[in-house]
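Engineer: First, the structure itself, so that you have it in front of you.
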Amino acid sequence: MSAIPPRKRVGVLISGRGSNMVSLAEAAQAPGYPAQIALVISNIPDVVGLDRARGFGIATATVDHRPFGRDREAFERAVDEVLRVNQIDLLVLAGFMRILTPWFVARWEGRMINIHPSLLPLFKGTHTHRQALEAGVAEHGCSVHFVVPELDAGPVILQAKVPVLPGDDEETLAKRVLVEEHKLYPAALAEVASGRAKLEGGAVIRG
Ligand code: GRF
């Protein structure tokens, strides 16, 4: 009998409702899932995502970015300290609305993933559903990628597609994509936590 490897301790960074975090917490309850959601940190106090995390019995913390003013790295050092104290192995960004400095990205290189609501490399940045509608694409979707210093430019681990339907507006399209996000993120985290997907030489290597 081979020993079961220890589950990776995952920290999730949020800024709001945390629906992706909930999908990860639910997935992590399954026996054999290779990660546990050990900590949820919000940069905004009292967001509903923190309550939802506590509902799963997950430890939470708030590191408010505002007292740090423009010193983004000082804010990140405070976040990093909380992650260190909680012995976090992998970091998941789930609706975390802060741009990260090269210092923080380098520190978590290969151990930090993000979900973006578009089929990267299409539609980086914000308002991705509006961008997709304006571009007139027939398919839209979401991507989970390793985080690199350039925004939304990291190598993609998994993607999911949805059709763009006649009469779609930003809201209907966002809703259809979010359903896929909630399946895609747990699948991608499992790939990374189990070591089946790794960042090597700027690309995703599958083992
Ligand atoms: C999601 O659409 C995600 O792709 C984007 O921000 C949104 C966060 O939603 N990065 P939630 O907080 O997980 O509900």
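Here's how to read the names in the structure tokens: chain A, B, ... by the order shown, residue numbers from 1 in each chain, ligand numbers from 1 in the order shown.
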Residues within 8 Å of Leu50 (chain A), please, as an MDAnalysis selection string. Count only C-alpha atoms; anything in the same chain fewer than 3 positions from it doesn't count.

Structural biologist: chainID A and resid 18 40:42 46:47 53:54 60

Engineer: What residues have any atom no more than 9 Å from ligand 1 when counting only C-alpha atoms and all ligand atoms, and can you list them as JSON, numbers by chain?

Structural biologist: {"A": [14, 15, 16, 17, 18, 19, 20, 21, 22, 23, 49, 93, 94, 95, 96, 97, 114, 115, 116, 117, 118, 126, 142, 143, 144, 174, 175, 177, 178, 181, 182]}

Engineer: Counting only C-alpha atoms, give me one row per residue of region 93-195 of chain A with an atom at most 8 Å from an atom of region 66-88 of chain A, showing the shortest contact pair and its distance in Å to one decimal, sorted by chain then residue number, as a tab-separated table.

Structural biologist:
```
residue	atom	partner	partner_atom	distance
A:Leu100	CA	A:Arg72	CA	7.6
A:Thr101	CA	A:Glu73	CA	6.5
A:Trp103	CA	A:Glu73	CA	7.4
A:Phe104	CA	A:Glu76	CA	6.7
```

Engineer: Can those selected residues be exported to a file as a PDB file, in the first residue's frame so that it contains N, CA, C and O atoms?

Structural biologist:
```
ATOM      1  N   LEU A 100      -0.711  42.642  -8.026  1.00  0.00           N
ATOM      2  CA  LEU A 100       0.397  42.200  -7.176  1.00  0.00           C
ATOM      3  C   LEU A 100       1.735  42.705  -7.712  1.00  0.00           C
ATOM      4  O   LEU A 100       1.935  42.801  -8.924  1.00  0.00           O
ATOM      5  N   THR A 101       2.648  42.982  -6.801  1.00  0.00           N
ATOM      6  CA  THR A 101       3.975  43.467  -7.214  1.00  0.00           C
ATOM      7  C   THR A 101       4.832  42.289  -7.691  1.00  0.00           C
ATOM      8  O   THR A 101       4.593  41.134  -7.308  1.00  0.00           O
ATOM      9  N   TRP A 103       7.608  41.517  -6.589  1.00  0.00           N
ATOM     10  CA  TRP A 103       8.170  40.875  -5.386  1.00  0.00           C
ATOM     11  C   TRP A 103       7.288  39.724  -4.919  1.00  0.00           C
ATOM     12  O   TRP A 103       7.737  38.606  -4.701  1.00  0.00           O
ATOM     13  N   PHE A 104       6.007  40.010  -4.790  1.00  0.00           N
ATOM     14  CA  PHE A 104       5.082  38.985  -4.279  1.00  0.00           C
ATOM     15  C   PHE A 104       4.929  37.850  -5.284  1.00  0.00           C
ATOM     16  O   PHE A 104       4.913  36.668  -4.917  1.00  0.00           O
TER      17      PHE A 104
END
```

Engineer: Would you list the contacts of Ala138 (chain A) as a ChimeraX atom specification, taking every protein, DNA or RNA residue within 9 Å and counting only C-alpha atoms, but skipping same-chain residues closer than 6 positions in sequence?

Structural biologist: /A:132,162-165

Engineer: Would you pick out the contacts of Glu170 (chain A) at 8 Å or less, using only C-alpha atoms, so that residues sharing its chain but fewer than 4 positions from it are not included, and give the list as a list in words?

Structural biologist: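 So, after excluding close chain neighbours, the residues are His129, Arg130, Leu133 and Ala174 of chain A.
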
Engineer: Would you write out those residues with C-alpha atoms, as an mmCIF file, in the first residue's frame?

Structural biologist:
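Written out: result-v1.cif:
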```
data_model
loop_
_atom_site.group_PDB
_atom_site.id
_atom_site.type_symbol
_atom_site.label_atom_id
_atom_site.label_comp_id
_atom_site.auth_asym_id
_atom_site.auth_seq_id
_atom_site.Cartn_x
_atom_site.Cartn_y
_atom_site.Cartn_z
ATOM 1 C CA HIS A 129 -17.977 39.853 -20.616
ATOM 2 C CA ARG A 130 -18.521 43.292 -22.133
ATOM 3 C CA LEU A 133 -19.920 40.888 -26.445
ATOM 4 C CA ALA A 174 -21.336 36.363 -16.679
#
```

Engineer: Could you give me, as a PyMOL selection string, the residues within 10 Å of region 5-7 of chain A, counting only C-alpha atoms and dropping anything in the same chain fewer than 5 positions from it?

Structural biologist: chain A and resi 28+32-37+89+193-194

Engineer: Mind checking DSSP for region 65-199 of chain A and telling me the strand (DSSP E or B) residues as a list in words?

Structural biologist: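 So the strand (DSSP E or B) residues in region 65-199 of chain A would be Leu90, Leu91, Val92, Leu93, Met112, Ile113, Asn114, Ile115, His116, Glu139, His140, Gly141, Cys142, Ser143, Val144, His145, Phe146, Val156, Ile157, Leu158, Gln159, Ala160, Lys161, Val162, Pro163, Ala197, Lys198 and Leu199 of chain A.
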
Engineer: Closest to Val156 (chain A) among A:Gly202, A:Gly55, A:Asp64, A:Arg176, using only C-alpha atoms?

Structural biologist: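 Using only C-alpha atoms, Val156 (chain A) sits closest to A:Gly202.
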
Engineer: Please extract the residues of region 75-174 of chain A with a backbone DSSP assignment of alpha helix (DSSP H) and present them as a PyMOL selection string.

Structural biologist: chain A and resi 75-85+102-107+128-135+170-174

Engineer: Export N, CA, C and O atoms of the chosen residues as a CSV table (one decimal), in the first residue's frame?

Structural biologist:
```csv
chain,number,residue,atom,x,y,z
A,75,PHE,N,1.8,46.1,2.1
A,75,PHE,CA,0.5,45.4,2.2
A,75,PHE,C,0.8,43.9,2.0
A,75,PHE,O,0.4,43.0,2.7
A,76,GLU,N,1.5,43.6,0.9
A,76,GLU,CA,1.8,42.2,0.6
A,76,GLU,C,2.7,41.5,1.6
A,76,GLU,O,2.5,40.3,1.9
A,77,ARG,N,3.6,42.3,2.2
A,77,ARG,CA,4.4,41.7,3.3
A,77,ARG,C,3.6,41.3,4.4
A,77,ARG,O,3.8,40.2,5.1
A,78,ALA,N,2.6,42.1,4.7
A,78,ALA,CA,1.6,41.7,5.8
A,78,ALA,C,0.8,40.5,5.5
A,78,ALA,O,0.6,39.6,6.3
A,79,VAL,N,0.4,40.4,4.2
A,79,VAL,CA,-0.4,39.2,3.7
A,79,VAL,C,0.6,38.0,3.8
A,79,VAL,O,0.2,36.9,4.3
A,80,ASP,N,1.8,38.2,3.3
A,80,ASP,CA,2.7,37.1,3.3
A,80,ASP,C,3.0,36.5,4.7
A,80,ASP,O,3.2,35.3,4.9
A,81,GLU,N,3.1,37.4,5.7
A,81,GLU,CA,3.3,37.0,7.0
A,81,GLU,C,2.2,36.1,7.6
A,81,GLU,O,2.4,35.1,8.2
A,82,VAL,N,1.0,36.5,7.2
A,82,VAL,CA,-0.2,35.7,7.7
A,82,VAL,C,-0.1,34.3,7.0
A,82,VAL,O,-0.4,33.2,7.6
A,83,LEU,N,0.3,34.3,5.7
A,83,LEU,CA,0.4,33.0,5.0
A,83,LEU,C,1.5,32.1,5.6
A,83,LEU,O,1.3,30.9,5.7
A,84,ARG,N,2.6,32.8,6.0
A,84,ARG,CA,3.7,32.0,6.6
A,84,ARG,C,3.3,31.4,7.9
A,84,ARG,O,3.5,30.2,8.2
A,85,VAL,N,2.7,32.2,8.7
A,85,VAL,CA,2.2,31.7,10.1
A,85,VAL,C,1.3,30.5,9.9
A,85,VAL,O,1.3,29.6,10.7
A,102,PRO,N,5.9,42.6,-8.5
A,102,PRO,CA,6.8,41.5,-8.9
A,102,PRO,C,7.4,40.8,-7.7
A,102,PRO,O,7.7,39.6,-7.8
A,103,TRP,N,7.6,41.5,-6.6
A,103,TRP,CA,8.2,40.9,-5.4
A,103,TRP,C,7.3,39.7,-4.9
A,103,TRP,O,7.7,38.6,-4.7
A,104,PHE,N,6.0,40.0,-4.8
A,104,PHE,CA,5.1,39.0,-4.3
A,104,PHE,C,4.9,37.8,-5.3
A,104,PHE,O,4.9,36.7,-4.9
A,105,VAL,N,4.8,38.2,-6.6
A,105,VAL,CA,4.7,37.2,-7.6
A,105,VAL,C,5.9,36.3,-7.6
A,105,VAL,O,5.7,35.0,-7.7
A,106,ALA,N,7.1,36.8,-7.5
A,106,ALA,CA,8.3,36.0,-7.5
A,106,ALA,C,8.3,35.1,-6.3
A,106,ALA,O,8.7,33.9,-6.4
A,107,ARG,N,7.9,35.6,-5.2
A,107,ARG,CA,7.9,34.8,-3.9
A,107,ARG,C,6.9,33.6,-4.0
A,107,ARG,O,7.2,32.5,-3.5
A,128,THR,N,-14.6,41.7,-18.8
A,128,THR,CA,-14.3,40.7,-19.8
A,128,THR,C,-15.6,40.3,-20.6
A,128,THR,O,-15.5,40.0,-21.8
A,129,HIS,N,-16.7,40.3,-19.9
A,129,HIS,CA,-18.0,39.9,-20.6
A,129,HIS,C,-18.4,40.9,-21.6
A,129,HIS,O,-18.8,40.6,-22.7
A,130,ARG,N,-18.2,42.2,-21.2
A,130,ARG,CA,-18.5,43.3,-22.1
A,130,ARG,C,-17.6,43.2,-23.3
A,130,ARG,O,-18.0,43.4,-24.5
A,131,GLN,N,-16.3,43.0,-23.0
A,131,GLN,CA,-15.3,42.9,-24.1
A,131,GLN,C,-15.7,41.8,-25.1
A,131,GLN,O,-15.6,41.9,-26.3
A,132,ALA,N,-16.2,40.6,-24.6
A,132,ALA,CA,-16.5,39.5,-25.4
A,132,ALA,C,-17.7,39.9,-26.3
A,132,ALA,O,-17.8,39.6,-27.5
A,133,LEU,N,-18.7,40.5,-25.7
A,133,LEU,CA,-19.9,40.9,-26.4
A,133,LEU,C,-19.6,41.9,-27.5
A,133,LEU,O,-20.0,41.8,-28.7
A,134,GLU,N,-18.7,42.9,-27.2
A,134,GLU,CA,-18.3,43.9,-28.2
A,134,GLU,C,-17.5,43.3,-29.3
A,134,GLU,O,-17.6,43.7,-30.4
A,135,ALA,N,-16.8,42.3,-29.0
A,135,ALA,CA,-15.9,41.6,-30.1
A,135,ALA,C,-16.8,40.7,-30.9
A,135,ALA,O,-16.4,40.3,-32.0
A,170,GLU,N,-24.3,41.4,-20.5
A,170,GLU,CA,-23.2,41.1,-19.6
A,170,GLU,C,-23.6,40.2,-18.5
A,170,GLU,O,-22.8,39.3,-18.1
A,171,GLU,N,-24.8,40.4,-18.0
A,171,GLU,CA,-25.2,39.7,-16.8
A,171,GLU,C,-25.5,38.2,-17.1
A,171,GLU,O,-25.0,37.3,-16.4
A,172,THR,N,-26.2,38.0,-18.2
A,172,THR,CA,-26.5,36.6,-18.6
A,172,THR,C,-25.2,35.8,-18.9
A,172,THR,O,-25.1,34.6,-18.6
A,173,LEU,N,-24.3,36.5,-19.6
A,173,LEU,CA,-23.1,35.8,-20.0
A,173,LEU,C,-22.2,35.6,-18.8
A,173,LEU,O,-21.7,34.5,-18.7
A,174,ALA,N,-22.1,36.5,-17.9
A,174,ALA,CA,-21.3,36.4,-16.7
A,174,ALA,C,-21.8,35.2,-15.9
A,174,ALA,O,-21.1,34.4,-15.3
```

Engineer: My list of candidates is A:His140, A:Arg206, A:Arg196, A:Lys8. Which is closest to Glu180 (chain A) when distances are computed with only C-alpha atoms?

Structural biologist: A:His140

Engineer: Could you pull the residues within 9 Å of Ala203 (chain A), counting only C-alpha atoms, minus those fewer than 4 positions along the same chain, as a ChimeraX atom specification?

Structural biologist: /A:154-156,198-199

Engineer: May I ask for the distance between CA of Arg9 (chain A) and CA of Leu90 (chain A), given in Å to one decimal place?

Structural biologist: 6.4 Å
